[in-house]
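Engineer: The structure follows.
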Amino acid sequence: MSRALRLLPITLAVWILGTFAWRLIQPDDPTIRSQLVNREVPAFDLPAAAPGTVGLKSADLATGKPRLLNLFASWCVPCVAEAPVLAELHRRGVEIDGIAIRDTPGAVGAFLGRHGNPYSRIGSDPTSRAQLALGSAGVPETFVIDGKGVMRLQHVGPIYEGDIPAILEALEKAR
Amino acid sequence: MIAEAGLAALWLAAALSLLGLFLSIAHVRGTLEADKAVRALAIVQGLLCLFAFAMLLLVFARTDLSVALVAENSHSAKPLIYKVAGAWGNHEGSMLLWVTVLGLSGAALAALSHRLPSRTLIAALGAQAALALGFHAFLLFASNPFARLNPPAPEGRGLNPLLQDPGLAFHPPTLYLGYVGLSVAFSLAVGALLGGEVNRQLARAMRPWVLGAWIFLTLGITAGSYWAYYELGWGGWWFWDPVENASLMPWLAATALLHSVAVLAARNALKAWTMMLAVIAFSMSMIGTFLVRSGILTSVHAFAVDPLRGSFILGLLAVYVTAAFLLFAVRAPTLREGAPFEPVSREAAIVANNLLLTVILGVVFIGTLYPLLAEATTGEKLSVGAPYFNAVAGPLAILLGILLAVGPLLSWRREGRPVLRRLALPGLFAATALAITFFAIPQSGLLPKFGLALAAGLIPATIIPLIGRNPLRTPLATWGMAIAHLGAAVAVAGMAADSAFTTEKLTAAKPGETVEVGPWLVEFTGVTPAVGPNWTAVEAELRATRGSGVHVLKPQTRFFTNPPTETNEAAIDTLLSGQLYTVIGRSDAEGRWQLRLWWKPLVTLIWFGGVLIGLGGLLALAGHARRAWRRRMAQ
């Protein structure tokens with residue numbers, strides 16, 4: 001039996017044990033990066049979500065200027081908490097488009113009336129098809145889209161006050 | 001007092017294994033004649049572990065809430081069987097069970113091995129003591145099952161309802177007997193590499209241990225598969241979950257080892273390979289324990305995760321596995337192999353069997369650990385699911401099945417008879433079955449088609465070795481082999497039939513509505529409340545019929561109070577032709593209830609096959625034991 005063959009089992013064992021050890025000391029990081037990041041946003045064409053708003057299609061996201069795409073719903077409590085932060089981003093000149101998930105025009109209209117409307121366009125996605133295509137599992141969720149319609153960042157959950165610098169930085173980078 | 005007695009027994013057992021380790025080293029080095037002492041220590045150590053385990057059962061049976069483990073995992077309102085079985089339904093208790101089986105294996109090795117050279121046996125007992133010492137340390141320092149709670153809890157927290165099932169009483173102990181039984185093969189290999197010789201005698205001493213462990217693993221996996229099948233209510237029997245794979249990997253290694261040990265016993269060949277397999281088999285058991293106990297991989301088996309415990313087991317694993325492989329690397333060149341094999345002979349077929357089993361083991365191992373390895377090297381997070389395992393391991397298993405038809409017909413050394421002629425009829429069956437599947441089930445995948453064809457040929461082929469022999473004079477081991485192989489063929493038939501013919505229906509129905517699944521018409525008559533010792537439930541009544549006769553099924557959604565949990569109790573109607581599997585879910589606002597119905601033709605063959613495999617193993621074990629007994633009597 002050759003030397004290399006004899007040493008193969010122990011070499012493999014040490015490598016695997018090393019991986020186990022690495023994994024044990026590694027702090028557990030539960031974030032999973034979406035496979036769609038750095039890819040073009042999937043095609044969709046959604047009608048307006050509420051009276052007086054404009055519908056949204058994927059081509060609207062590739063206008064040359066980076067923007068946020070925010071998935072929300074009138075029935076979603078964290079979205080209420082997020083609304084003032086979106087308003088603040090809008091005040092700082094950030095362009096925001098929205099998609100209302102599994103919602104009705106009346107309810108979306110009431111939501112915008114109560115919590116303000118930072119959105120340029122709002123598409124309605126009553127069956128979650130666009131949401132699933134975007135790789136989103138829930139609301140609220142926000143994507144940074146660069147000028148060419150390519151997804152650059154996925155932010156799961158509401159954007160808090162403290163997340164604003166990171167979002168602005170991502171928008172700046174996407175320029 | 002009971003808990004303290006158990007703890008004291010554990011400390012004493014640990015001290016004895018330390019002493020046994022030193023004495024065996026002295027004996028193997030030749031500085032001290034300690035043969036009898038090492039054997040006696042191993043036996044006493046095993047009995048002390050058994051005593052400690054009995055004490056744990058006692059505190060659980062009495063629901064002694066001043067013991068922390070009981071307070072955390074038991075409840076006074078629980079039925080007695082689950083109080084007792086709950087003793088090993090948690091981390092500490094299951095590790096004590098592991099150590100107890102390890103101790104008893106060492107004791108049995110010391111008591112029963114008469115034919116091994118003293119140096120080999122004592123070195124093996126030393127290795128067994130070293131294993132015991134490490135796991136004793138783990139138990140005493142990181143997972144003490146007897147820790148007291150002061151003041152005692154007013155009531156226990158209860159056992160996870162999914163575990164309140166007869167499956168818990170049977171599945172973990174059986175699997176542990178298998179896992180840990182392999183430690184003896186490991187220790188014998190280490191002993192032979194350290195102190196003695198690798199020869200037929202060693203193979204004969206190792207074989208019953210491998211066979212015994214393998215029987216328990218087979219039955220444990222079969223039981224676990226059926227438990228998951230009916231308890232989880234998902235309608236599947238194998239999910240390629242990391243913890244399932246952790247039990248499959250030692251089984252694959254043990255199956256390969258079982259066959260290569262036979263070559264070593266018959267031909268005095270495959271020495272280095274067999275020793276390596278013996279080390280790998282128990283290493284897989286330990287890696288399985290590590291994966292399960294450290295929570296390093298995500299699994300449906302949600303065990304409490306504790307990084308300290310993970311590191312501790314990893315440390316033990318590292319010491320034992322690297323030491324054994326290092327010993328192998330140093331000593332392997334001294335093993336002299338005999339003449340090369342003839343290409344058409346039983347030993348050549350077994351080499352092919354070993355290669356295939358090892359590749360399947362590699363496939364499962366890589367698939368299970370790939371998420372971990374990928375994250376360590378590229379930082380990418382991913383998961384490996386059933387499609388990979390089925391696509392890669394499936395075809396290999398079919399090749400293995402074909403080999404299984406041929407191998408038992410070959411004789412040792414050199415086959416002169418025309419073997420293929422004897423396989424003509426099974427081959428014809430297989431070809432016909434394959435042709436039929438292409439017409440009858442064109443929509444199913446290639447793998448189920450080939451699986452069905454394989455089973456059609458394999459079931460007759462496995463009986464051929466028995467044909468033309470006087471059944472009474474045929475050795476029990478041959479009977480065992482044929483029955484185990486038949487079991488494998490039957491299990492393959494069940495697996496292929498399940499994936500080819502299963503029909504599933506997911507629907508929401510109002511009472512009075514009728515749902516169709518496969519050949520069955522299932523009427524949902526309504527729901528009623530039901531109550532058990534520590535749960536309440538919503539019970540649906542389903543009246544199923546296919547032509548004549550009505551089968552009544554009553555699936556439940558159970559609500560347990562301690563801890564508050566909801567489980568689905570599937571109702572399964574077992575017929576000769578298959579199983580009707582029904583689950584009830586939630587109701588919606590309009591009074592419709594979610595129903596999941598499956599018609600699974602021939603699915604029971606999977607577990608029937610598993611039991612046959614175990615039974616075959618048992619017959620072979622009895623045959624070997626009888627032969628050894630006669631040989632001893634003759635001397």
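Going by the structure tokens order, chains are called A, B, ..., each with residues numbered from 1, while ligands are numbered from 1 in the order shown.
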Apply DSSP to the structure's backbone, then extract all residues of stretch 311-497 of chain B labelled helix (DSSP H, G or I) and return them as a PyMOL selection string.

Structural biologist: chain B and resi 311-334+346-377+386-409+419-422+424-440+446-461+464-466+476-497

Engineer: Could you write out that same residue set with C-alpha atoms as a compact mmCIF listing (two decimals), in the first residue's frame?

Structural biologist:
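The result, written out as part.txt:
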```txt
# COMPACT_ATOMS: atom_id res chain seq x y z
CA SER B 311 -16.86 21.11 21.31
CA PHE B 312 -16.49 18.36 23.91
CA ILE B 313 -17.75 15.63 21.56
CA LEU B 314 -15.69 17.09 18.73
CA GLY B 315 -12.61 16.86 20.95
CA LEU B 316 -13.34 13.20 21.73
CA LEU B 317 -14.05 12.50 18.07
CA ALA B 318 -10.79 14.15 17.04
CA VAL B 319 -8.73 12.17 19.56
CA TYR B 320 -10.23 8.78 18.74
CA VAL B 321 -10.51 9.13 14.98
CA THR B 322 -7.09 10.65 14.36
CA ALA B 323 -5.42 8.19 16.73
CA ALA B 324 -7.06 5.23 14.99
CA PHE B 325 -6.27 6.45 11.48
CA LEU B 326 -2.72 7.33 12.50
CA LEU B 327 -2.30 3.83 13.86
CA PHE B 328 -3.71 2.52 10.61
CA ALA B 329 -1.28 4.60 8.53
CA VAL B 330 1.66 3.31 10.58
CA ARG B 331 0.64 -0.34 10.77
CA ALA B 332 -1.06 -0.94 7.42
CA PRO B 333 2.23 -1.67 5.56
CA THR B 334 2.91 -4.58 7.93
CA ARG B 346 -17.38 -14.46 -4.48
CA GLU B 347 -14.57 -12.38 -2.99
CA ALA B 348 -14.37 -10.30 -6.17
CA ALA B 349 -18.15 -9.69 -5.97
CA ILE B 350 -17.76 -8.65 -2.33
CA VAL B 351 -14.98 -6.23 -3.28
CA ALA B 352 -17.37 -4.70 -5.82
CA ASN B 353 -20.11 -4.61 -3.16
CA ASN B 354 -17.70 -2.84 -0.78
CA LEU B 355 -16.70 -0.32 -3.41
CA LEU B 356 -20.33 0.51 -4.22
CA LEU B 357 -21.33 0.75 -0.56
CA THR B 358 -18.33 2.97 0.14
CA VAL B 359 -19.19 5.25 -2.78
CA ILE B 360 -22.81 5.49 -1.56
CA LEU B 361 -21.48 6.24 1.92
CA GLY B 362 -19.30 8.97 0.37
CA VAL B 363 -22.29 10.37 -1.52
CA VAL B 364 -24.41 10.55 1.63
CA PHE B 365 -21.52 11.92 3.67
CA ILE B 366 -20.73 14.66 1.16
CA GLY B 367 -24.41 15.52 0.72
CA THR B 368 -24.92 15.77 4.47
CA LEU B 369 -21.82 17.85 5.13
CA TYR B 370 -21.73 19.84 1.89
CA PRO B 371 -23.64 22.82 3.33
CA LEU B 372 -20.99 22.98 6.05
CA LEU B 373 -18.00 22.50 3.74
CA ALA B 374 -19.38 25.02 1.22
CA GLU B 375 -19.87 27.64 3.90
CA ALA B 376 -16.37 27.05 5.23
CA THR B 377 -14.70 27.40 1.82
CA ALA B 386 -33.63 14.75 -1.68
CA PRO B 387 -33.12 15.39 -5.43
CA TYR B 388 -29.33 15.14 -5.03
CA PHE B 389 -29.42 12.04 -2.85
CA ASN B 390 -31.98 10.24 -5.01
CA ALA B 391 -30.26 11.12 -8.26
CA VAL B 392 -26.79 10.07 -7.12
CA ALA B 393 -27.38 7.31 -4.58
CA GLY B 394 -30.35 5.78 -6.42
CA PRO B 395 -28.53 4.49 -9.52
CA LEU B 396 -25.65 3.25 -7.34
CA ALA B 397 -28.13 1.35 -5.19
CA ILE B 398 -29.59 -0.26 -8.32
CA LEU B 399 -26.11 -1.40 -9.39
CA LEU B 400 -25.64 -2.78 -5.90
CA GLY B 401 -28.94 -4.63 -6.26
CA ILE B 402 -27.81 -6.26 -9.51
CA LEU B 403 -24.60 -7.34 -7.80
CA LEU B 404 -26.70 -8.75 -4.97
CA ALA B 405 -28.35 -11.13 -7.43
CA VAL B 406 -25.01 -12.41 -8.75
CA GLY B 407 -22.70 -12.46 -5.71
CA PRO B 408 -24.33 -15.18 -3.57
CA LEU B 409 -24.27 -17.60 -6.55
CA VAL B 419 -23.66 -18.67 -13.22
CA LEU B 420 -25.50 -16.54 -15.74
CA ARG B 421 -27.69 -19.48 -16.76
CA ARG B 422 -29.05 -19.72 -13.23
CA ALA B 424 -31.81 -16.36 -16.71
CA LEU B 425 -35.26 -16.57 -15.15
CA PRO B 426 -34.84 -13.62 -12.73
CA GLY B 427 -33.31 -11.66 -15.60
CA LEU B 428 -36.37 -12.38 -17.72
CA PHE B 429 -38.66 -11.27 -14.86
CA ALA B 430 -36.72 -8.03 -14.52
CA ALA B 431 -36.76 -7.29 -18.25
CA THR B 432 -40.49 -8.01 -18.50
CA ALA B 433 -41.24 -5.85 -15.48
CA LEU B 434 -39.17 -3.02 -16.95
CA ALA B 435 -41.05 -3.24 -20.25
CA ILE B 436 -44.40 -3.23 -18.43
CA THR B 437 -43.49 -0.15 -16.36
CA PHE B 438 -42.75 1.83 -19.53
CA PHE B 439 -46.30 1.13 -20.73
CA ALA B 440 -48.18 1.16 -17.43
CA LEU B 446 -36.62 6.25 -14.48
CA LEU B 447 -35.51 5.38 -10.97
CA PRO B 448 -38.88 3.92 -9.80
CA LYS B 449 -39.13 1.98 -13.08
CA PHE B 450 -35.72 0.42 -12.68
CA GLY B 451 -36.40 -0.12 -8.98
CA LEU B 452 -39.55 -2.10 -9.74
CA ALA B 453 -37.76 -4.12 -12.42
CA LEU B 454 -34.87 -4.79 -10.08
CA ALA B 455 -37.21 -5.99 -7.34
CA ALA B 456 -39.07 -8.24 -9.79
CA GLY B 457 -35.80 -9.96 -10.69
CA LEU B 458 -34.17 -9.79 -7.27
CA ILE B 459 -36.96 -11.40 -5.25
CA PRO B 460 -36.62 -14.74 -7.14
CA ALA B 461 -32.83 -14.35 -7.51
CA ILE B 464 -31.72 -19.32 -5.85
CA PRO B 465 -28.86 -20.06 -3.39
CA LEU B 466 -31.35 -22.12 -1.35
CA LEU B 476 -28.31 -21.15 9.31
CA ALA B 477 -25.88 -18.51 8.05
CA THR B 478 -26.85 -19.30 4.45
CA TRP B 479 -30.52 -19.06 5.34
CA GLY B 480 -29.78 -15.77 7.04
CA MET B 481 -27.96 -14.40 4.02
CA ALA B 482 -30.77 -15.39 1.65
CA ILE B 483 -33.47 -13.90 3.89
CA ALA B 484 -31.53 -10.66 4.44
CA HIS B 485 -31.02 -10.31 0.69
CA LEU B 486 -34.69 -11.08 0.10
CA GLY B 487 -35.50 -8.36 2.63
CA ALA B 488 -33.40 -5.89 0.65
CA ALA B 489 -35.29 -6.86 -2.54
CA VAL B 490 -38.65 -6.49 -0.78
CA ALA B 491 -37.66 -3.09 0.61
CA VAL B 492 -36.60 -1.94 -2.87
CA ALA B 493 -39.99 -3.08 -4.18
CA GLY B 494 -41.73 -1.00 -1.50
CA MET B 495 -39.62 2.10 -2.13
CA ALA B 496 -40.09 1.94 -5.90
CA ALA B 497 -43.82 1.21 -5.59
```

Engineer: Identify every residue of chain A that has at least one atom within 7 Å of any atom of chain B, counting only C-alpha atoms, and report the result as a list in words.

Structural biologist: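 Output check: Met1, Arg6, Leu7, Pro9, Ile10, Ala13, Leu17, Thr19, Leu24 and Ile32 of chain A.
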
Engineer: Measuring atom to atom with only C-alpha atoms, identify which of A:Ser136, A:Leu86, A:Ala59, A:Leu112 is nearest to A:Ile167.

Structural biologist: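 Among the listed residues, the smallest separation from A:Ile167 belongs to A:Leu86.
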
Engineer: So how far away is atom CA of A:Lys173 from atom CA of A:Thr53, in Å?

Structural biologist: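 So the answer is 29.2 Å.
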
Engineer: Of the candidates B:Asp588, B:Glu244, B:Glu155, B:Glu231, which one gets nearest to B:Thr507 if we count only C-alpha atoms?

Structural biologist: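 Distance minimum relative to B:Thr507 lands on B:Asp588.
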
Engineer: What does the structure give for the distance between atom CA of B:Arg115 and atom CA of B:Ser345, in Å to one decimal?

Structural biologist: 29.3 Å
